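Trainee: So here's data_32.txt (compact mmCIF, C-alpha atoms (C1' of nucleotides)).
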```txt
# COMPACT_ATOMS: atom_id res chain seq x y z
CA MET K 1229 160.71 72.95 175.92
CA THR K 1230 164.06 74.63 175.90
CA LYS K 1231 164.40 75.26 172.22
CA LYS K 1232 168.05 74.96 171.42
CA ALA K 1233 169.30 75.51 167.92
CA ASP K 1234 171.47 72.82 166.47
CA LEU K 1235 173.96 75.43 165.37
CA LEU K 1236 174.48 79.15 165.24
CA PRO K 1237 172.77 80.50 162.12
CA GLY K 1238 175.15 81.91 159.56
CA THR K 1239 178.05 79.68 160.50
CA LEU K 1240 177.24 76.50 158.61
CA ASP K 1241 179.03 77.31 155.36
CA MET K 1242 182.14 78.31 157.26
CA LEU K 1243 182.11 75.12 159.28
CA ILE K 1244 181.76 73.00 156.16
CA LEU K 1245 184.52 74.83 154.35
CA LYS K 1246 186.78 74.49 157.36
CA THR K 1247 186.07 70.79 157.61
CA LEU K 1248 186.85 70.27 153.94
CA ALA K 1249 190.02 72.31 154.29
CA ARG K 1250 191.47 69.41 156.21
CA ALA K 1251 190.47 66.70 153.78
CA PRO K 1252 187.84 65.89 151.15
CA LEU K 1253 184.81 64.21 152.66
CA HIS K 1254 181.35 63.03 151.77
CA GLY K 1255 178.28 64.70 153.27
CA TYR K 1256 177.68 62.18 155.95
CA GLY K 1257 181.31 62.41 156.97
CA ILE K 1258 181.16 66.18 157.17
CA ALA K 1259 178.21 66.00 159.54
CA LEU K 1260 179.96 63.44 161.71
CA SER K 1261 183.18 65.42 161.73
CA ILE K 1262 181.52 68.62 162.88
CA LYS K 1263 179.54 66.80 165.51
CA ARG K 1264 182.59 65.06 166.83
CA SER K 1265 185.01 67.94 166.87
CA SER K 1266 182.43 70.11 168.61
CA ASP K 1267 181.99 67.50 171.35
CA GLU K 1268 178.43 66.72 170.22
CA VAL K 1269 177.32 70.32 170.70
CA LEU K 1270 176.82 71.13 167.02
CA THR K 1271 174.50 68.95 164.98
CA VAL K 1272 174.20 69.41 161.24
CA GLU K 1273 170.84 68.13 160.06
CA GLU K 1274 170.73 66.62 156.60
CA GLY K 1275 168.09 69.13 155.57
CA SER K 1276 170.60 71.86 156.31
CA LEU K 1277 173.70 70.12 155.07
CA TYR K 1278 172.77 69.15 151.52
CA PRO K 1279 171.23 72.49 150.56
CA ALA K 1280 174.36 74.10 151.97
CA LEU K 1281 176.56 71.86 149.86
CA GLN K 1282 174.50 72.80 146.80
CA ARG K 1283 175.10 76.46 147.59
CA LEU K 1284 178.81 75.88 147.93
CA LEU K 1285 178.93 73.97 144.64
CA LEU K 1286 177.08 76.76 142.86
CA GLN K 1287 179.51 79.32 144.23
CA GLY K 1288 182.40 77.21 143.05
CA TRP K 1289 183.78 76.93 146.55
CA VAL K 1290 183.74 73.14 146.52
CA LYS K 1291 183.66 70.49 143.84
CA ALA K 1292 182.13 67.03 144.03
CA GLU K 1293 183.17 63.62 142.85
CA TRP K 1294 181.63 60.17 143.20
CA LYS K 1295 183.91 57.64 144.79
CA LYS K 1296 183.97 54.54 146.90
CA THR K 1297 184.32 54.82 150.66
CA GLU K 1298 186.66 52.67 152.70
CA THR K 1299 183.65 50.54 153.48
CA ASN K 1300 183.03 50.02 149.80
CA ARG K 1301 179.99 52.26 149.57
CA ARG K 1302 179.18 54.77 146.90
CA ALA K 1303 179.63 58.31 148.16
CA ARG K 1304 180.01 61.82 146.87
CA TYR K 1305 183.23 63.41 147.99
CA TYR K 1306 183.41 67.18 148.29
CA THR K 1307 186.71 68.97 147.87
CA LEU K 1308 187.60 72.55 148.66
CA THR K 1309 188.59 74.62 145.61
CA PRO K 1310 191.18 77.42 145.72
CA LEU K 1311 188.28 79.86 145.56
CA GLY K 1312 186.68 78.04 148.48
CA ARG K 1313 189.86 78.35 150.47
CA LYS K 1314 189.88 82.07 149.88
CA GLN K 1315 186.23 82.29 150.86
CA LEU K 1316 186.96 80.41 154.05
CA GLY K 1317 189.52 83.04 154.96
CA ILE K 1318 186.99 85.80 154.37
CA GLU K 1319 184.32 84.10 156.45
CA LEU K 1320 186.72 83.35 159.25
CA SER K 1321 187.81 86.94 159.58
CA GLN K 1322 184.26 88.24 159.36
CA PHE K 1323 183.17 85.77 161.97
CA GLU K 1324 185.96 86.72 164.31
CA GLN K 1325 185.15 90.37 163.86
CA MET K 1326 181.51 89.67 164.67
CA ILE K 1327 182.35 87.70 167.75
CA ALA K 1328 184.71 90.38 168.95
CA ALA K 1329 182.03 93.01 168.44
CA ILE K 1330 179.40 90.98 170.24
CA SER K 1331 181.79 90.36 173.10
CA ARG K 1332 182.30 94.06 173.47
CA VAL K 1333 178.58 94.62 173.71
CA LEU K 1334 178.15 91.81 176.20
CA GLN K 1335 181.02 92.84 178.40
CA ASP K 1336 180.25 96.52 178.32
CA ALA K 1337 179.57 97.65 181.87
CA MET S 565 179.82 93.27 146.41
CA THR S 566 181.12 91.84 149.62
CA LYS S 567 177.90 90.96 151.30
CA LYS S 568 178.43 91.51 155.00
CA ALA S 569 175.64 90.88 157.40
CA ASP S 570 174.83 93.66 159.82
CA LEU S 571 174.88 91.20 162.65
CA LEU S 572 175.17 87.53 163.40
CA PRO S 573 171.76 85.91 163.00
CA GLY S 574 170.33 84.56 166.21
CA THR S 575 172.06 87.03 168.45
CA LEU S 576 169.79 90.05 168.20
CA ASP S 577 167.44 89.20 171.05
CA MET S 578 170.37 88.55 173.34
CA LEU S 579 172.00 91.85 172.43
CA ILE S 580 168.79 93.76 173.06
CA LEU S 581 168.21 92.08 176.41
CA LYS S 582 171.78 92.77 177.44
CA THR S 583 171.47 96.40 176.45
CA LEU S 584 168.28 96.79 178.43
CA ALA S 585 169.86 95.04 181.40
CA ARG S 586 171.94 98.15 181.89
CA ALA S 587 169.09 100.65 181.64
CA PRO S 588 165.67 101.09 180.06
CA LEU S 589 165.90 102.58 176.59
CA HIS S 590 163.77 103.42 173.57
CA GLY S 591 164.22 101.57 170.31
CA TYR S 592 166.35 104.17 168.64
CA GLY S 593 168.56 104.31 171.70
CA ILE S 594 168.98 100.56 171.72
CA ALA S 595 170.17 100.61 168.13
CA LEU S 596 172.61 103.42 168.86
CA SER S 597 173.88 101.72 171.98
CA ILE S 598 174.64 98.46 170.22
CA LYS S 599 176.27 100.24 167.33
CA ARG S 600 178.44 102.31 169.62
CA SER S 601 179.51 99.63 172.04
CA SER S 602 180.42 97.35 169.16
CA ASP S 603 182.63 100.06 167.63
CA GLU S 604 180.29 100.47 164.67
CA VAL S 605 180.62 96.84 163.65
CA LEU S 606 177.09 95.79 164.52
CA THR S 607 174.19 97.67 162.96
CA VAL S 608 170.63 96.97 164.01
CA GLU S 609 168.27 97.90 161.22
CA GLU S 610 164.89 99.21 162.27
CA GLY S 611 163.20 96.47 160.29
CA SER S 612 164.96 93.97 162.52
CA LEU S 613 164.73 95.88 165.75
CA TYR S 614 161.03 96.56 166.04
CA PRO S 615 159.86 93.06 165.16
CA ALA S 616 162.38 91.82 167.70
CA LEU S 617 160.99 94.13 170.37
CA GLN S 618 157.50 92.85 169.59
CA ARG S 619 158.75 89.31 170.08
CA LEU S 620 160.30 90.24 173.40
CA LEU S 621 157.13 91.98 174.55
CA LEU S 622 155.03 88.95 173.64
CA GLN S 623 157.34 86.68 175.58
CA GLY S 624 157.11 88.96 178.57
CA TRP S 625 160.83 89.55 178.59
CA VAL S 626 160.49 93.30 178.32
CA LYS S 627 157.75 95.81 179.04
CA ALA S 628 157.14 99.12 177.33
CA GLU S 629 156.13 102.54 178.50
CA TRP S 630 155.66 105.88 176.73
CA LYS S 631 157.77 108.66 178.15
CA LYS S 632 159.54 111.86 177.30
CA THR S 633 163.17 111.77 176.30
CA GLU S 634 165.75 114.19 177.64
CA THR S 635 165.28 116.10 174.43
CA ASN S 636 161.58 116.39 175.11
CA ARG S 637 160.47 113.93 172.50
CA ARG S 638 157.85 111.24 172.83
CA ALA S 639 159.44 107.81 173.00
CA ARG S 640 158.64 104.27 174.02
CA TYR S 641 160.94 103.01 176.71
CA TYR S 642 161.57 99.29 177.01
CA THR S 643 162.47 97.76 180.36
CA LEU S 644 163.80 94.32 181.14
CA THR S 645 161.46 92.18 183.26
CA PRO S 646 162.69 89.62 185.80
CA LEU S 647 161.72 86.94 183.30
CA GLY S 648 163.74 88.75 180.68
CA ARG S 649 166.74 88.82 182.95
CA LYS S 650 166.46 85.10 183.40
CA GLN S 651 166.15 84.60 179.67
CA LEU S 652 169.23 86.72 179.11
CA GLY S 653 171.17 84.36 181.32
CA ILE S 654 169.97 81.37 179.34
CA GLU S 655 170.84 82.94 176.02
CA LEU S 656 174.24 84.04 177.22
CA SER S 657 175.21 80.57 178.33
CA GLN S 658 173.86 78.96 175.16
CA PHE S 659 175.74 81.48 173.08
CA GLU S 660 178.98 80.87 174.92
CA GLN S 661 178.55 77.15 174.51
CA MET S 662 178.00 77.58 170.79
CA ILE S 663 181.02 79.81 170.39
CA ALA S 664 183.17 77.38 172.31
CA ALA S 665 181.97 74.51 170.13
CA ILE S 666 182.57 76.44 166.93
CA SER S 667 186.03 77.41 168.12
CA ARG S 668 186.83 73.77 168.68
CA VAL S 669 185.83 72.95 165.14
CA LEU S 670 187.78 75.86 163.71
CA GLN S 671 190.90 75.16 165.68
CA ASP S 672 190.85 71.46 165.16
CA ALA S 673 194.03 70.53 163.35
C1' DC C 159 160.50 128.00 157.96
C1' DT C 160 163.03 124.58 156.15
C1' DC C 161 166.10 120.93 157.16
C1' DT C 162 168.21 117.33 159.88
C1' DA C 163 168.24 114.21 163.55
C1' DT C 164 165.40 111.73 166.41
C1' DC C 165 161.74 108.55 167.15
C1' DC C 166 157.95 105.22 165.91
C1' DA C 167 156.38 101.22 163.08
C1' DT C 168 155.02 97.86 159.26
C1' DA C 169 154.94 95.23 154.79
C1' DG C 170 157.24 92.36 151.68
C1' DA C 171 161.16 89.84 150.05
C1' DT C 172 164.79 86.74 151.00
C1' DA C 173 167.72 83.49 153.17
C1' DA C 174 168.73 79.77 156.00
C1' DG C 175 167.86 76.11 158.90
C1' DC C 176 164.68 72.33 160.62
C1' DT C 177 161.24 68.56 160.07
C1' DA C 178 159.86 65.01 157.58
C1' DT C 179 160.47 61.98 154.13
C1' DA C 180 162.28 58.80 150.68
C1' DG C 181 165.43 55.51 148.81
C1' DA C 182 169.57 52.57 148.25
C1' DT C 183 173.28 49.38 149.90
C1' DA C 184 176.91 47.04 152.97
C1' DG C 185 177.74 44.16 156.57
C1' DG C 186 176.46 41.92 160.86
C1' DC C 187 173.59 38.65 163.04
C1' DG C 188 170.14 35.22 163.74
C1' DC Q 407 169.13 33.41 153.83
C1' DG Q 408 166.68 37.39 155.38
C1' DC Q 409 166.33 41.11 158.71
C1' DC Q 410 168.32 45.07 160.89
C1' DT Q 411 171.29 48.79 161.55
C1' DA Q 412 174.50 52.04 159.99
C1' DT Q 413 175.92 54.49 156.14
C1' DC Q 414 174.99 57.49 152.38
C1' DT Q 415 172.28 60.38 149.15
C1' DA Q 416 168.73 64.00 148.40
C1' DT Q 417 164.34 66.96 148.22
C1' DA Q 418 159.91 69.39 149.63
C1' DG Q 419 157.70 72.30 152.75
C1' DC Q 420 157.47 74.96 156.97
C1' DT Q 421 159.08 78.41 159.90
C1' DT Q 422 161.74 82.02 161.63
C1' DA Q 423 164.75 85.90 161.39
C1' DT Q 424 166.81 89.49 159.06
C1' DC Q 425 167.05 93.13 155.50
C1' DT Q 426 165.08 96.50 152.24
C1' DA Q 427 162.02 99.82 151.59
C1' DT Q 428 158.64 102.71 153.21
C1' DG Q 429 155.90 106.00 155.75
C1' DG Q 430 154.97 109.33 159.28
C1' DA Q 431 155.63 112.59 163.21
C1' DT Q 432 158.16 116.21 165.95
C1' DA Q 433 162.11 118.98 168.21
C1' DG Q 434 165.53 122.03 167.54
C1' DA Q 435 168.97 124.22 164.63
C1' DG Q 436 170.06 127.52 161.26
```
Please rewrite the model in this file as structure tokens.
Mentor:
Amino acid sequence: MTKKADLLPGTLDMLILKTLARAPLHGYGIALSIKRSSDEVLTVEEGSLYPALQRLLLQGWVKAEWKKTETNRRARYYTLTPLGRKQLGIELSQFEQMIAAISRVLQDA
Amino acid sequence: MTKKADLLPGTLDMLILKTLARAPLHGYGIALSIKRSSDEVLTVEEGSLYPALQRLLLQGWVKAEWKKTETNRRARYYTLTPLGRKQLGIELSQFEQMIAAISRVLQDA
DNA sequence: CTCTATCCATAGATAAGCTATAGATAGGCG
DNA sequence: CGCCTATCTATAGCTTATCTATGGATAGAG
């Protein structure tokens, strides 16, 4: 009934880039990481995640590599590129500016 | 070149409701109000605004009425309904929860 | 009397996320 | 040994929301 979005539209790429800025991870791990560090509030559906990763690859913001996980499974690890790190900075500042602007509107008497 | 969105997707309805919570306004006035109170950061394009107002009307969150502006022009004034006020509260709290969650992800070491 | 600002509104394109689905394998457990 | 669950990948199709691009009308200024 109460339709709640899994995440705020327009923020997924930034969240992925930020997650990868800490350490390379495979897709499944990225989703888990975001879910966990947001205290289960943000959920990244697979149908959102993999297309997003494709976008990021195309832009050259991340690169991918097949490896083995600790649990001996085959997984594709995504790593932030220097360009991706720069992009993350851009998105972060734009996001903060947006939030600040929205806050002004919301708090305006 | 730098593609900057005019606003954060998913926040338009909330911004409109909040604006109307202060006083009834016509569409053009809503756009101006949001632009001004956000210090020109947020821009509501007409092609976003009017479909949004139609959505809000359909949901019963606002009602509309033709009137004369102070400058003697014909304009459609939108007013927040009690249901709309309730909805605004819901959207505000969901938004705050989202922002808090995103902040946790972004600030996570 | 023309021009600008004010006001309405819609159609079409695009982007992004969600639902649903599909498949493969490792390791635990019966 | 075979089933089940968790882990891991990925795509197709739907839907929704926003932007671009128009189009039109009128008040008041110059």
Trainee: Please list as a ChimeraX atom specification every residue within 8 Å of region 1237-1249 of chain K, counting only C-alpha atoms (C1' of nucleotides) and excluding residues in the same chain fewer than 5 positions away.
Mentor: /K:1258,1261-1262,1280,1284,1306-1308,1312-1313,1316,1319-1320 /S:572-574,666,669-670 /C:174-175
Trainee: Interatomic distance between CA of Ala1329 (chain K) and CA of Ser602 (chain S)?
Mentor: 4.7 Å
Trainee: So how far away is C1' of DA182 (chain C) from C1' of DC407 (chain Q), in Å?
Mentor: 20.0 Å
Trainee: In terms of the shortest atom-to-atom distance over all atoms listed in the file, which of C:DA180, C:DA171, C:DC159, C:DC165 is closest to DT424 (chain Q)?
Mentor: C:DA171
Trainee: At a cut-off of 9 Å, list the chain Q residues touching chain K, using all atoms listed in the file, as a PDB file with C-alpha atoms (C1' of nucleotides), in the coordinates of the input.
Mentor:
```
ATOM      1  C1'  DT Q 413     175.920  54.490 156.140  1.00  0.00           C
ATOM      2  C1'  DC Q 414     174.990  57.490 152.380  1.00  0.00           C
ATOM      3  C1'  DT Q 415     172.280  60.380 149.150  1.00  0.00           C
ATOM      4  C1'  DA Q 416     168.730  64.000 148.400  1.00  0.00           C
ATOM      5  C1'  DT Q 417     164.340  66.960 148.220  1.00  0.00           C
TER       6       DT Q 417
END
```
Trainee: Return the single residue from K:Gln1287, K:Gln1335, K:Asn1300, K:Gln1282 that is closest to Gln1315 (chain K), with distances computed using all atoms listed in the file.
Mentor: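 Closest to Gln1315 (chain K) of all the choices is K:Gln1287.
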Trainee: For chain C, report every residue with an atom at most 12 Å from chain S (counting all atoms listed in the file), formatted as a PDB file with C-alpha atoms (C1' of nucleotides), in the coordinates of the input.
Mentor:
```
ATOM      1  C1'  DA C 163     168.240 114.210 163.550  1.00  0.00           C
ATOM      2  C1'  DT C 164     165.400 111.730 166.410  1.00  0.00           C
ATOM      3  C1'  DC C 165     161.740 108.550 167.150  1.00  0.00           C
ATOM      4  C1'  DC C 166     157.950 105.220 165.910  1.00  0.00           C
ATOM      5  C1'  DA C 167     156.380 101.220 163.080  1.00  0.00           C
ATOM      6  C1'  DT C 168     155.020  97.860 159.260  1.00  0.00           C
ATOM      7  C1'  DA C 169     154.940  95.230 154.790  1.00  0.00           C
ATOM      8  C1'  DG C 170     157.240  92.360 151.680  1.00  0.00           C
ATOM      9  C1'  DA C 173     167.720  83.490 153.170  1.00  0.00           C
ATOM     10  C1'  DA C 174     168.730  79.770 156.000  1.00  0.00           C
ATOM     11  C1'  DG C 175     167.860  76.110 158.900  1.00  0.00           C
TER      12       DG C 175
END
```
Trainee: Mind giving me the straight-line distance from CA of Ala587 (chain S) to CA of Val626 (chain S) in Å, one decimal?
Mentor: 11.8 Å
Trainee: Using all atoms listed in the file, pick whichever of S:Ser601, S:Ser657, S:Thr645, S:Ser612 has the shortest atom-to-atom distance to chain K.
Mentor: S:Ser601
Trainee: Contacts of region 408-412 of chain Q at 9 Å or less, counting all atoms listed in the file, minus same-chain residues fewer than 2 places along, as a list in words?
Mentor: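 What passes the distance filter is DA184, DG186, DC187 and DG188 of chain C.
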